[in-house]
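Structure below is work-v3.cif: mmCIF, N, CA, C and O atoms.
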```cif
data_entry
loop_
_atom_site.label_atom_id
_atom_site.label_comp_id
_atom_site.auth_asym_id
_atom_site.auth_seq_id
_atom_site.Cartn_x
_atom_site.Cartn_y
_atom_site.Cartn_z
N ALA A 129 -6.34 19.20 -13.97
CA ALA A 129 -7.67 18.86 -14.49
C ALA A 129 -8.31 17.83 -13.57
O ALA A 129 -7.67 16.85 -13.20
N ALA A 130 -9.52 18.05 -13.23
CA ALA A 130 -10.24 17.12 -12.35
C ALA A 130 -10.66 15.89 -13.14
O ALA A 130 -11.03 15.98 -14.31
N ILE A 131 -10.56 14.75 -12.49
CA ILE A 131 -10.99 13.50 -13.12
C ILE A 131 -12.47 13.31 -12.80
O ILE A 131 -12.85 13.20 -11.64
N GLN A 132 -13.30 13.31 -13.82
CA GLN A 132 -14.74 13.21 -13.61
C GLN A 132 -15.21 11.75 -13.56
O GLN A 132 -16.17 11.43 -12.89
N GLU A 133 -14.55 10.90 -14.34
CA GLU A 133 -15.01 9.52 -14.44
C GLU A 133 -14.64 8.75 -13.19
O GLU A 133 -13.52 8.85 -12.68
N ILE A 134 -15.58 7.96 -12.70
CA ILE A 134 -15.37 7.19 -11.49
C ILE A 134 -15.09 5.74 -11.87
O ILE A 134 -15.87 5.12 -12.58
N ALA A 135 -13.96 5.23 -11.40
CA ALA A 135 -13.60 3.83 -11.61
C ALA A 135 -13.88 3.06 -10.32
O ALA A 135 -14.18 3.65 -9.28
N GLU A 136 -13.79 1.74 -10.42
CA GLU A 136 -13.95 0.90 -9.23
C GLU A 136 -12.68 0.11 -9.02
O GLU A 136 -12.13 -0.45 -9.97
N ILE A 137 -12.24 0.07 -7.77
CA ILE A 137 -11.03 -0.69 -7.43
C ILE A 137 -11.43 -1.75 -6.43
O ILE A 137 -12.20 -1.50 -5.51
N THR A 138 -10.95 -2.97 -6.66
CA THR A 138 -11.19 -4.07 -5.72
C THR A 138 -9.84 -4.61 -5.29
O THR A 138 -9.02 -4.99 -6.14
N TRP A 139 -9.59 -4.61 -3.99
CA TRP A 139 -8.30 -5.05 -3.44
C TRP A 139 -8.39 -6.52 -3.04
O TRP A 139 -9.41 -6.96 -2.52
N ASP A 140 -7.31 -7.26 -3.28
CA ASP A 140 -7.25 -8.65 -2.79
C ASP A 140 -7.31 -8.66 -1.27
O ASP A 140 -7.98 -9.46 -0.66
N LYS A 141 -6.57 -7.74 -0.66
CA LYS A 141 -6.66 -7.52 0.78
C LYS A 141 -6.10 -6.14 1.08
O LYS A 141 -5.32 -5.60 0.30
N THR A 142 -6.52 -5.58 2.21
CA THR A 142 -6.08 -4.23 2.57
C THR A 142 -5.21 -4.22 3.83
O THR A 142 -4.80 -3.17 4.28
N ARG A 143 -4.96 -5.40 4.39
CA ARG A 143 -4.10 -5.49 5.58
C ARG A 143 -3.06 -6.57 5.35
O ARG A 143 -3.37 -7.63 4.81
N HIS A 144 -1.83 -6.29 5.78
CA HIS A 144 -0.77 -7.30 5.70
C HIS A 144 0.06 -7.25 6.97
O HIS A 144 0.50 -6.18 7.39
N ASN A 145 0.25 -8.42 7.57
CA ASN A 145 1.10 -8.53 8.76
C ASN A 145 2.41 -9.19 8.34
O ASN A 145 2.41 -10.31 7.85
N PHE A 146 3.52 -8.46 8.53
CA PHE A 146 4.83 -9.00 8.18
C PHE A 146 5.33 -10.01 9.21
O PHE A 146 6.32 -10.68 8.97
N GLY A 147 4.66 -10.08 10.36
CA GLY A 147 5.16 -10.95 11.43
C GLY A 147 6.39 -10.33 12.07
O GLY A 147 6.49 -9.11 12.21
N LYS A 148 7.36 -11.18 12.43
CA LYS A 148 8.57 -10.68 13.09
C LYS A 148 9.61 -10.31 12.03
O LYS A 148 9.90 -11.10 11.14
N VAL A 149 10.13 -9.10 12.14
CA VAL A 149 11.18 -8.66 11.23
C VAL A 149 12.36 -8.15 12.06
O VAL A 149 12.20 -7.77 13.21
N HIS A 150 13.53 -8.17 11.45
CA HIS A 150 14.73 -7.73 12.16
C HIS A 150 14.86 -6.21 12.08
O HIS A 150 14.38 -5.58 11.16
N TYR A 151 15.53 -5.66 13.07
CA TYR A 151 15.77 -4.22 13.14
C TYR A 151 16.47 -3.76 11.86
O TYR A 151 17.45 -4.35 11.43
N GLN A 152 15.94 -2.71 11.25
CA GLN A 152 16.45 -2.09 10.03
C GLN A 152 16.44 -3.02 8.82
O GLN A 152 17.05 -2.72 7.81
N GLN A 153 15.74 -4.15 8.91
CA GLN A 153 15.53 -5.01 7.75
C GLN A 153 14.46 -4.36 6.87
O GLN A 153 13.47 -3.85 7.40
N LYS A 154 14.68 -4.36 5.57
CA LYS A 154 13.66 -3.81 4.68
C LYS A 154 12.77 -4.95 4.18
O LYS A 154 13.27 -5.97 3.72
N VAL A 155 11.48 -4.77 4.34
CA VAL A 155 10.53 -5.78 3.86
C VAL A 155 9.59 -5.12 2.87
O VAL A 155 9.34 -3.91 2.92
N LEU A 156 9.08 -5.92 1.93
CA LEU A 156 8.21 -5.42 0.88
C LEU A 156 6.94 -6.25 0.81
O LEU A 156 6.97 -7.46 1.05
N TYR A 157 5.85 -5.60 0.46
CA TYR A 157 4.61 -6.32 0.20
C TYR A 157 3.88 -5.63 -0.94
O TYR A 157 3.83 -4.40 -1.00
N ASN A 158 3.30 -6.44 -1.84
CA ASN A 158 2.51 -5.90 -2.95
C ASN A 158 1.03 -6.07 -2.65
O ASN A 158 0.55 -7.20 -2.55
N PHE A 159 0.33 -4.96 -2.48
CA PHE A 159 -1.12 -4.99 -2.34
C PHE A 159 -1.73 -5.05 -3.74
O PHE A 159 -1.63 -4.09 -4.50
N GLN A 160 -2.31 -6.19 -4.09
CA GLN A 160 -2.86 -6.41 -5.43
C GLN A 160 -4.25 -5.78 -5.54
O GLN A 160 -5.03 -5.85 -4.59
N PHE A 161 -4.54 -5.22 -6.70
CA PHE A 161 -5.88 -4.71 -6.94
C PHE A 161 -6.30 -5.01 -8.37
O PHE A 161 -5.48 -5.35 -9.23
N GLU A 162 -7.60 -4.89 -8.60
CA GLU A 162 -8.16 -5.04 -9.93
C GLU A 162 -9.11 -3.89 -10.19
O GLU A 162 -9.81 -3.43 -9.29
N ASN A 163 -9.12 -3.40 -11.43
CA ASN A 163 -10.10 -2.40 -11.84
C ASN A 163 -11.37 -3.16 -12.20
O ASN A 163 -11.44 -3.79 -13.25
N THR A 164 -12.36 -3.10 -11.31
CA THR A 164 -13.60 -3.85 -11.52
C THR A 164 -14.70 -2.96 -12.08
O THR A 164 -15.86 -3.37 -12.13
N GLY A 165 -14.36 -1.75 -12.48
CA GLY A 165 -15.34 -0.84 -13.07
C GLY A 165 -15.24 -0.85 -14.59
O GLY A 165 -14.57 -1.70 -15.18
N ASP A 166 -15.89 0.13 -15.22
CA ASP A 166 -15.86 0.21 -16.68
C ASP A 166 -15.15 1.46 -17.18
O ASP A 166 -15.25 1.83 -18.33
N LYS A 167 -14.43 2.14 -16.29
CA LYS A 167 -13.62 3.31 -16.65
C LYS A 167 -12.17 3.05 -16.28
O LYS A 167 -11.89 2.24 -15.39
N ASP A 168 -11.24 3.76 -16.94
CA ASP A 168 -9.83 3.63 -16.57
C ASP A 168 -9.63 4.06 -15.13
O ASP A 168 -10.18 5.08 -14.68
N LEU A 169 -8.84 3.28 -14.41
CA LEU A 169 -8.51 3.57 -13.02
C LEU A 169 -7.20 4.35 -12.98
O LEU A 169 -6.22 3.95 -13.59
N VAL A 170 -7.23 5.49 -12.28
CA VAL A 170 -6.02 6.31 -12.16
C VAL A 170 -5.70 6.48 -10.68
O VAL A 170 -6.49 7.07 -9.93
N ILE A 171 -4.55 5.95 -10.27
CA ILE A 171 -4.10 6.17 -8.90
C ILE A 171 -3.34 7.49 -8.89
O ILE A 171 -2.34 7.66 -9.58
N VAL A 172 -3.86 8.43 -8.12
CA VAL A 172 -3.32 9.78 -8.10
C VAL A 172 -2.14 9.89 -7.13
O VAL A 172 -1.16 10.55 -7.40
N ASP A 173 -2.26 9.21 -6.00
CA ASP A 173 -1.25 9.35 -4.96
C ASP A 173 -1.34 8.17 -4.02
O ASP A 173 -2.38 7.54 -3.89
N ALA A 174 -0.22 7.86 -3.37
CA ALA A 174 -0.18 6.88 -2.29
C ALA A 174 0.80 7.43 -1.28
O ALA A 174 1.95 7.68 -1.62
N ARG A 175 0.33 7.68 -0.08
CA ARG A 175 1.22 8.28 0.91
C ARG A 175 1.14 7.51 2.22
O ARG A 175 0.09 7.00 2.58
N ALA A 176 2.27 7.46 2.87
CA ALA A 176 2.39 6.66 4.09
C ALA A 176 2.32 7.56 5.31
O ALA A 176 2.55 8.76 5.24
N SER A 177 2.01 6.92 6.44
CA SER A 177 1.89 7.66 7.70
C SER A 177 3.26 8.01 8.28
O SER A 177 3.33 8.75 9.24
N CYS A 178 4.33 7.46 7.72
CA CYS A 178 5.66 7.83 8.23
C CYS A 178 6.70 7.60 7.15
O CYS A 178 6.44 6.91 6.17
N GLY A 179 7.87 8.15 7.35
CA GLY A 179 8.94 8.06 6.37
C GLY A 179 9.58 6.69 6.26
O GLY A 179 10.32 6.42 5.32
N CYS A 180 9.29 5.79 7.22
CA CYS A 180 9.88 4.46 7.18
C CYS A 180 9.15 3.56 6.18
O CYS A 180 9.57 2.45 5.92
N THR A 181 8.06 4.07 5.63
CA THR A 181 7.25 3.30 4.70
C THR A 181 7.25 4.01 3.35
O THR A 181 6.98 5.20 3.29
N THR A 182 7.57 3.27 2.29
CA THR A 182 7.67 3.88 0.97
C THR A 182 6.76 3.16 -0.03
O THR A 182 7.06 2.05 -0.45
N PRO A 183 5.63 3.78 -0.38
CA PRO A 183 4.77 3.14 -1.38
C PRO A 183 5.17 3.50 -2.81
O PRO A 183 5.66 4.60 -3.07
N GLU A 184 4.99 2.54 -3.71
CA GLU A 184 5.15 2.78 -5.14
C GLU A 184 3.88 2.28 -5.81
O GLU A 184 3.32 1.28 -5.38
N TRP A 185 3.46 2.98 -6.85
CA TRP A 185 2.21 2.61 -7.51
C TRP A 185 2.31 2.87 -8.99
O TRP A 185 3.15 3.66 -9.43
N PRO A 186 1.45 2.22 -9.79
CA PRO A 186 1.49 2.44 -11.23
C PRO A 186 1.04 3.85 -11.57
O PRO A 186 0.04 4.33 -11.05
N LYS A 187 1.78 4.53 -12.44
CA LYS A 187 1.46 5.91 -12.80
C LYS A 187 0.54 5.97 -14.03
O LYS A 187 -0.10 6.96 -14.28
N GLU A 188 0.47 4.88 -14.79
CA GLU A 188 -0.37 4.89 -15.99
C GLU A 188 -1.77 4.39 -15.62
O GLU A 188 -1.94 3.65 -14.65
N PRO A 189 -2.79 4.80 -16.38
CA PRO A 189 -4.15 4.33 -16.11
C PRO A 189 -4.25 2.81 -16.26
O PRO A 189 -3.61 2.23 -17.14
N ILE A 190 -5.04 2.19 -15.41
CA ILE A 190 -5.29 0.75 -15.46
C ILE A 190 -6.64 0.56 -16.16
O ILE A 190 -7.66 1.06 -15.66
N PRO A 191 -6.68 -0.14 -17.29
CA PRO A 191 -7.95 -0.30 -18.00
C PRO A 191 -8.92 -1.20 -17.24
O PRO A 191 -8.49 -1.96 -16.36
N PRO A 192 -10.22 -1.13 -17.55
CA PRO A 192 -11.19 -2.03 -16.91
C PRO A 192 -10.75 -3.49 -17.05
O PRO A 192 -10.31 -3.91 -18.12
N GLY A 193 -10.83 -4.22 -15.95
CA GLY A 193 -10.39 -5.61 -15.93
C GLY A 193 -8.90 -5.77 -15.70
O GLY A 193 -8.42 -6.87 -15.50
N GLY A 194 -8.16 -4.65 -15.72
CA GLY A 194 -6.72 -4.72 -15.51
C GLY A 194 -6.37 -4.86 -14.04
O GLY A 194 -7.15 -4.50 -13.16
N ARG A 195 -5.19 -5.42 -13.80
CA ARG A 195 -4.72 -5.59 -12.43
C ARG A 195 -3.41 -4.83 -12.24
O ARG A 195 -2.72 -4.53 -13.20
N GLY A 196 -3.11 -4.55 -10.99
CA GLY A 196 -1.86 -3.89 -10.66
C GLY A 196 -1.60 -4.06 -9.18
O GLY A 196 -2.31 -4.80 -8.50
N PHE A 197 -0.59 -3.36 -8.69
CA PHE A 197 -0.33 -3.43 -7.26
C PHE A 197 0.31 -2.15 -6.77
O PHE A 197 0.91 -1.41 -7.54
N VAL A 198 0.11 -1.92 -5.49
CA VAL A 198 0.83 -0.87 -4.78
C VAL A 198 1.89 -1.59 -3.95
O VAL A 198 1.56 -2.42 -3.11
N LYS A 199 3.15 -1.28 -4.25
CA LYS A 199 4.26 -1.92 -3.53
C LYS A 199 4.59 -1.08 -2.31
O LYS A 199 4.84 0.12 -2.44
N VAL A 200 4.57 -1.71 -1.16
CA VAL A 200 4.84 -1.01 0.09
C VAL A 200 6.12 -1.57 0.70
O VAL A 200 6.21 -2.77 0.98
N GLY A 201 7.10 -0.69 0.87
CA GLY A 201 8.33 -1.06 1.55
C GLY A 201 8.32 -0.50 2.96
O GLY A 201 7.83 0.60 3.21
N PHE A 202 8.86 -1.28 3.89
CA PHE A 202 8.95 -0.83 5.28
C PHE A 202 10.34 -1.13 5.78
O PHE A 202 10.86 -2.23 5.60
N LYS A 203 10.98 -0.13 6.41
CA LYS A 203 12.27 -0.34 7.05
C LYS A 203 12.17 0.22 8.46
O LYS A 203 11.91 1.40 8.64
N SER A 204 12.38 -0.66 9.41
CA SER A 204 12.17 -0.27 10.81
C SER A 204 13.23 0.72 11.27
O SER A 204 14.40 0.61 10.91
N THR A 205 12.79 1.67 12.07
CA THR A 205 13.72 2.60 12.69
C THR A 205 13.71 2.44 14.21
O THR A 205 14.45 3.11 14.91
N SER A 206 12.84 1.56 14.70
CA SER A 206 12.80 1.27 16.13
C SER A 206 12.27 -0.14 16.32
O SER A 206 11.72 -0.74 15.40
N THR A 207 12.45 -0.66 17.53
CA THR A 207 12.01 -2.03 17.80
C THR A 207 10.60 -2.02 18.39
O THR A 207 10.09 -0.98 18.81
N GLY A 208 9.99 -3.20 18.40
CA GLY A 208 8.65 -3.34 18.95
C GLY A 208 7.61 -3.44 17.86
O GLY A 208 7.91 -3.47 16.67
N PRO A 209 6.33 -3.51 18.28
CA PRO A 209 5.25 -3.65 17.31
C PRO A 209 5.09 -2.40 16.46
O PRO A 209 5.39 -1.30 16.91
N PHE A 210 4.63 -2.59 15.22
CA PHE A 210 4.35 -1.43 14.38
C PHE A 210 3.03 -1.63 13.65
O PHE A 210 2.62 -2.75 13.36
N ASN A 211 2.36 -0.52 13.42
CA ASN A 211 1.14 -0.47 12.60
C ASN A 211 1.24 0.79 11.77
O ASN A 211 1.34 1.88 12.33
N LYS A 212 1.26 0.65 10.46
CA LYS A 212 1.39 1.80 9.58
C LYS A 212 0.23 1.81 8.59
O LYS A 212 -0.32 0.77 8.25
N GLN A 213 -0.09 3.00 8.11
CA GLN A 213 -1.15 3.16 7.13
C GLN A 213 -0.59 3.76 5.86
O GLN A 213 0.30 4.61 5.91
N ILE A 214 -1.16 3.32 4.74
CA ILE A 214 -0.85 3.91 3.45
C ILE A 214 -2.18 4.33 2.85
O ILE A 214 -3.08 3.50 2.70
N THR A 215 -2.33 5.60 2.53
CA THR A 215 -3.57 6.10 1.96
C THR A 215 -3.40 6.19 0.45
O THR A 215 -2.48 6.86 -0.03
N VAL A 216 -4.27 5.51 -0.28
CA VAL A 216 -4.21 5.48 -1.74
C VAL A 216 -5.37 6.30 -2.28
O VAL A 216 -6.53 6.02 -1.96
N ASP A 217 -5.05 7.33 -3.06
CA ASP A 217 -6.08 8.17 -3.67
C ASP A 217 -6.21 7.80 -5.15
O ASP A 217 -5.20 7.69 -5.85
N ALA A 218 -7.45 7.65 -5.60
CA ALA A 218 -7.69 7.30 -6.99
C ALA A 218 -9.01 7.91 -7.43
O ALA A 218 -9.72 8.54 -6.63
N ASN A 219 -9.34 7.73 -8.71
CA ASN A 219 -10.61 8.24 -9.23
C ASN A 219 -11.72 7.24 -8.91
O ASN A 219 -12.37 6.68 -9.77
N THR A 220 -11.88 7.00 -7.60
CA THR A 220 -12.87 6.04 -7.11
C THR A 220 -13.81 6.76 -6.15
O THR A 220 -13.57 7.90 -5.76
N GLN A 221 -14.84 6.06 -5.76
CA GLN A 221 -15.78 6.59 -4.78
C GLN A 221 -15.93 5.54 -3.69
O GLN A 221 -16.43 4.47 -3.96
N PRO A 222 -15.45 5.78 -2.45
CA PRO A 222 -14.77 7.00 -2.00
C PRO A 222 -13.39 7.14 -2.67
O PRO A 222 -12.86 6.17 -3.18
N LYS A 223 -12.86 8.34 -2.57
CA LYS A 223 -11.60 8.66 -3.24
C LYS A 223 -10.41 7.89 -2.66
O LYS A 223 -9.51 7.50 -3.38
N SER A 224 -10.42 7.69 -1.36
CA SER A 224 -9.26 7.10 -0.68
C SER A 224 -9.53 5.70 -0.17
O SER A 224 -10.63 5.40 0.29
N THR A 225 -8.50 4.86 -0.26
CA THR A 225 -8.49 3.55 0.39
C THR A 225 -7.31 3.55 1.33
O THR A 225 -6.24 4.04 0.97
N VAL A 226 -7.49 3.01 2.52
CA VAL A 226 -6.38 2.92 3.47
C VAL A 226 -5.91 1.46 3.52
O VAL A 226 -6.71 0.55 3.73
N LEU A 227 -4.61 1.28 3.30
CA LEU A 227 -3.97 -0.03 3.43
C LEU A 227 -3.20 -0.04 4.74
O LEU A 227 -2.67 0.98 5.16
N TYR A 228 -3.14 -1.21 5.37
CA TYR A 228 -2.49 -1.31 6.67
C TYR A 228 -1.40 -2.37 6.63
O TYR A 228 -1.61 -3.45 6.10
N ILE A 229 -0.23 -2.02 7.19
CA ILE A 229 0.80 -3.03 7.41
C ILE A 229 1.11 -3.05 8.90
O ILE A 229 1.00 -2.04 9.59
N SER A 230 1.48 -4.23 9.37
CA SER A 230 1.81 -4.37 10.79
C SER A 230 2.85 -5.46 10.94
O SER A 230 3.19 -6.17 10.00
N GLY A 231 3.34 -5.57 12.16
CA GLY A 231 4.34 -6.59 12.48
C GLY A 231 5.04 -6.22 13.75
O GLY A 231 4.62 -5.32 14.48
N GLU A 232 6.13 -6.93 14.00
CA GLU A 232 6.92 -6.65 15.20
C GLU A 232 8.39 -6.66 14.83
O GLU A 232 8.88 -7.60 14.19
N VAL A 233 9.07 -5.59 15.23
CA VAL A 233 10.51 -5.49 14.98
C VAL A 233 11.24 -6.04 16.19
O VAL A 233 11.02 -5.61 17.32
N LEU A 234 12.09 -7.03 15.95
CA LEU A 234 12.83 -7.69 17.04
C LEU A 234 13.94 -6.79 17.56
O LEU A 234 14.45 -5.93 16.84
N GLU A 235 14.33 -7.05 18.79
CA GLU A 235 15.45 -6.32 19.41
C GLU A 235 16.72 -6.55 18.61
O GLU A 235 16.90 -7.60 18.00
N GLN A 236 17.59 -5.54 18.62
CA GLN A 236 18.89 -5.69 17.93
C GLN A 236 19.72 -6.76 18.62
O GLN A 236 19.74 -6.85 19.84
N ASN A 237 20.42 -7.55 17.83
CA ASN A 237 21.36 -8.51 18.37
C ASN A 237 22.75 -7.90 18.31
O ASN A 237 23.25 -7.62 17.24
N ASN A 238 23.35 -7.66 19.48
CA ASN A 238 24.68 -7.04 19.48
C ASN A 238 25.74 -8.12 19.45
O ASN A 238 25.65 -9.10 20.12
#
```

Can the structure in the file be given as structure tokens, please?
Amino acid sequence: AAIQEIAEITWDKTRHNFGKVHYQQKVLYNFQFENTGDKDLVIVDARASCGCTTPEWPKEPIPPGGRGFVKVGFKSTSTGPFNKQITVDANTQPKSTVLYISGEVLEQNN
């Protein structure tokens, strides 16, 4: 069923830099948002640009004035700088918001 009602989502921020992280260290960040519209906010999907990034999001509707977060986990599979995108689809206009994570994975210490 298509969602006809349009909600509004306001993000605290859409970019997060983890700074320096260790090889294969798992790091997490919560992108906070608020439903600033007058309709229930429904996040339909959140997908990452690669398998090393795992987003989790609330599956239940967020009422007007409600807050929530998309939790983004990142586990490095290679060293060096990284920039990843997470596309969040919701009943908003525009439909998609892109969140960005970045940082630098340090060389392995043998």

- Task: Run through the PyMOL selection byres (((chain A and resi 142 and name CA) around 8) and name CA) on the given coordinates and return the selected residues as a ChimeraX atom specification.
- Result: /A:139-141,143-144,159,226-228

- Item | Residue members of the PyMOL selection byres ((chain A and resi 206-214) around 8) in the file shown, as an MDAnalysis selection string | chainID A and resid 142:147 149:152 173:178 181 183 203:205 215:217 224:236

- Note on the structure: atom C of Pro191 (chain A) sits from atom N of Tyr157 (chain A) at a separation of 23.5 Å

- Item | Selection result of the PyMOL selection byres ((chain A and resi 198-202) around 6) on this file, as JSON, numbers by chain | {"A": [153, 154, 155, 156, 157, 158, 159, 160, 161, 180, 181, 182, 183, 184, 185, 186, 196, 197, 203, 204]}

Only N, CA, C and O atoms, please: the residues just picked out, written as an mmCIF file, keeping the file's coordinate frame.
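Final output, saved to selection.cif:
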```
data_model
loop_
_atom_site.group_PDB
_atom_site.id
_atom_site.type_symbol
_atom_site.label_atom_id
_atom_site.label_comp_id
_atom_site.auth_asym_id
_atom_site.auth_seq_id
_atom_site.Cartn_x
_atom_site.Cartn_y
_atom_site.Cartn_z
ATOM 1 N N GLN A 153 15.740 -4.150 8.910
ATOM 2 C CA GLN A 153 15.530 -5.010 7.750
ATOM 3 C C GLN A 153 14.460 -4.360 6.870
ATOM 4 O O GLN A 153 13.470 -3.850 7.400
ATOM 5 N N LYS A 154 14.680 -4.360 5.570
ATOM 6 C CA LYS A 154 13.660 -3.810 4.680
ATOM 7 C C LYS A 154 12.770 -4.950 4.180
ATOM 8 O O LYS A 154 13.270 -5.970 3.720
ATOM 9 N N VAL A 155 11.480 -4.770 4.340
ATOM 10 C CA VAL A 155 10.530 -5.780 3.860
ATOM 11 C C VAL A 155 9.590 -5.120 2.870
ATOM 12 O O VAL A 155 9.340 -3.910 2.920
ATOM 13 N N LEU A 156 9.080 -5.920 1.930
ATOM 14 C CA LEU A 156 8.210 -5.420 0.880
ATOM 15 C C LEU A 156 6.940 -6.250 0.810
ATOM 16 O O LEU A 156 6.970 -7.460 1.050
ATOM 17 N N TYR A 157 5.850 -5.600 0.460
ATOM 18 C CA TYR A 157 4.610 -6.320 0.200
ATOM 19 C C TYR A 157 3.880 -5.630 -0.940
ATOM 20 O O TYR A 157 3.830 -4.400 -1.000
ATOM 21 N N ASN A 158 3.300 -6.440 -1.840
ATOM 22 C CA ASN A 158 2.510 -5.900 -2.950
ATOM 23 C C ASN A 158 1.030 -6.070 -2.650
ATOM 24 O O ASN A 158 0.550 -7.200 -2.550
ATOM 25 N N PHE A 159 0.330 -4.960 -2.480
ATOM 26 C CA PHE A 159 -1.120 -4.990 -2.340
ATOM 27 C C PHE A 159 -1.730 -5.050 -3.740
ATOM 28 O O PHE A 159 -1.630 -4.090 -4.500
ATOM 29 N N GLN A 160 -2.310 -6.190 -4.090
ATOM 30 C CA GLN A 160 -2.860 -6.410 -5.430
ATOM 31 C C GLN A 160 -4.250 -5.780 -5.540
ATOM 32 O O GLN A 160 -5.030 -5.850 -4.590
ATOM 33 N N PHE A 161 -4.540 -5.220 -6.700
ATOM 34 C CA PHE A 161 -5.880 -4.710 -6.940
ATOM 35 C C PHE A 161 -6.300 -5.010 -8.370
ATOM 36 O O PHE A 161 -5.480 -5.350 -9.230
ATOM 37 N N CYS A 180 9.290 5.790 7.220
ATOM 38 C CA CYS A 180 9.880 4.460 7.180
ATOM 39 C C CYS A 180 9.150 3.560 6.180
ATOM 40 O O CYS A 180 9.570 2.450 5.920
ATOM 41 N N THR A 181 8.060 4.070 5.630
ATOM 42 C CA THR A 181 7.250 3.300 4.700
ATOM 43 C C THR A 181 7.250 4.010 3.350
ATOM 44 O O THR A 181 6.980 5.200 3.290
ATOM 45 N N THR A 182 7.570 3.270 2.290
ATOM 46 C CA THR A 182 7.670 3.880 0.970
ATOM 47 C C THR A 182 6.760 3.160 -0.030
ATOM 48 O O THR A 182 7.060 2.050 -0.450
ATOM 49 N N PRO A 183 5.630 3.780 -0.380
ATOM 50 C CA PRO A 183 4.770 3.140 -1.380
ATOM 51 C C PRO A 183 5.170 3.500 -2.810
ATOM 52 O O PRO A 183 5.660 4.600 -3.070
ATOM 53 N N GLU A 184 4.990 2.540 -3.710
ATOM 54 C CA GLU A 184 5.150 2.780 -5.140
ATOM 55 C C GLU A 184 3.880 2.280 -5.810
ATOM 56 O O GLU A 184 3.320 1.280 -5.380
ATOM 57 N N TRP A 185 3.460 2.980 -6.850
ATOM 58 C CA TRP A 185 2.210 2.610 -7.510
ATOM 59 C C TRP A 185 2.310 2.870 -8.990
ATOM 60 O O TRP A 185 3.150 3.660 -9.430
ATOM 61 N N PRO A 186 1.450 2.220 -9.790
ATOM 62 C CA PRO A 186 1.490 2.440 -11.230
ATOM 63 C C PRO A 186 1.040 3.850 -11.570
ATOM 64 O O PRO A 186 0.040 4.330 -11.050
ATOM 65 N N GLY A 196 -3.110 -4.550 -10.990
ATOM 66 C CA GLY A 196 -1.860 -3.890 -10.660
ATOM 67 C C GLY A 196 -1.600 -4.060 -9.180
ATOM 68 O O GLY A 196 -2.310 -4.800 -8.500
ATOM 69 N N PHE A 197 -0.590 -3.360 -8.690
ATOM 70 C CA PHE A 197 -0.330 -3.430 -7.260
ATOM 71 C C PHE A 197 0.310 -2.150 -6.770
ATOM 72 O O PHE A 197 0.910 -1.410 -7.540
ATOM 73 N N LYS A 203 10.980 -0.130 6.410
ATOM 74 C CA LYS A 203 12.270 -0.340 7.050
ATOM 75 C C LYS A 203 12.170 0.220 8.460
ATOM 76 O O LYS A 203 11.910 1.400 8.640
ATOM 77 N N SER A 204 12.380 -0.660 9.410
ATOM 78 C CA SER A 204 12.170 -0.270 10.810
ATOM 79 C C SER A 204 13.230 0.720 11.270
ATOM 80 O O SER A 204 14.400 0.610 10.910
#
```

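Among the candidates A:Ala218, A:Arg195, A:Glu188, A:Asp168, the residue lying nearest to Thr138 (chain A) is A:Arg195 (atoms considered: all atoms listed in the file).
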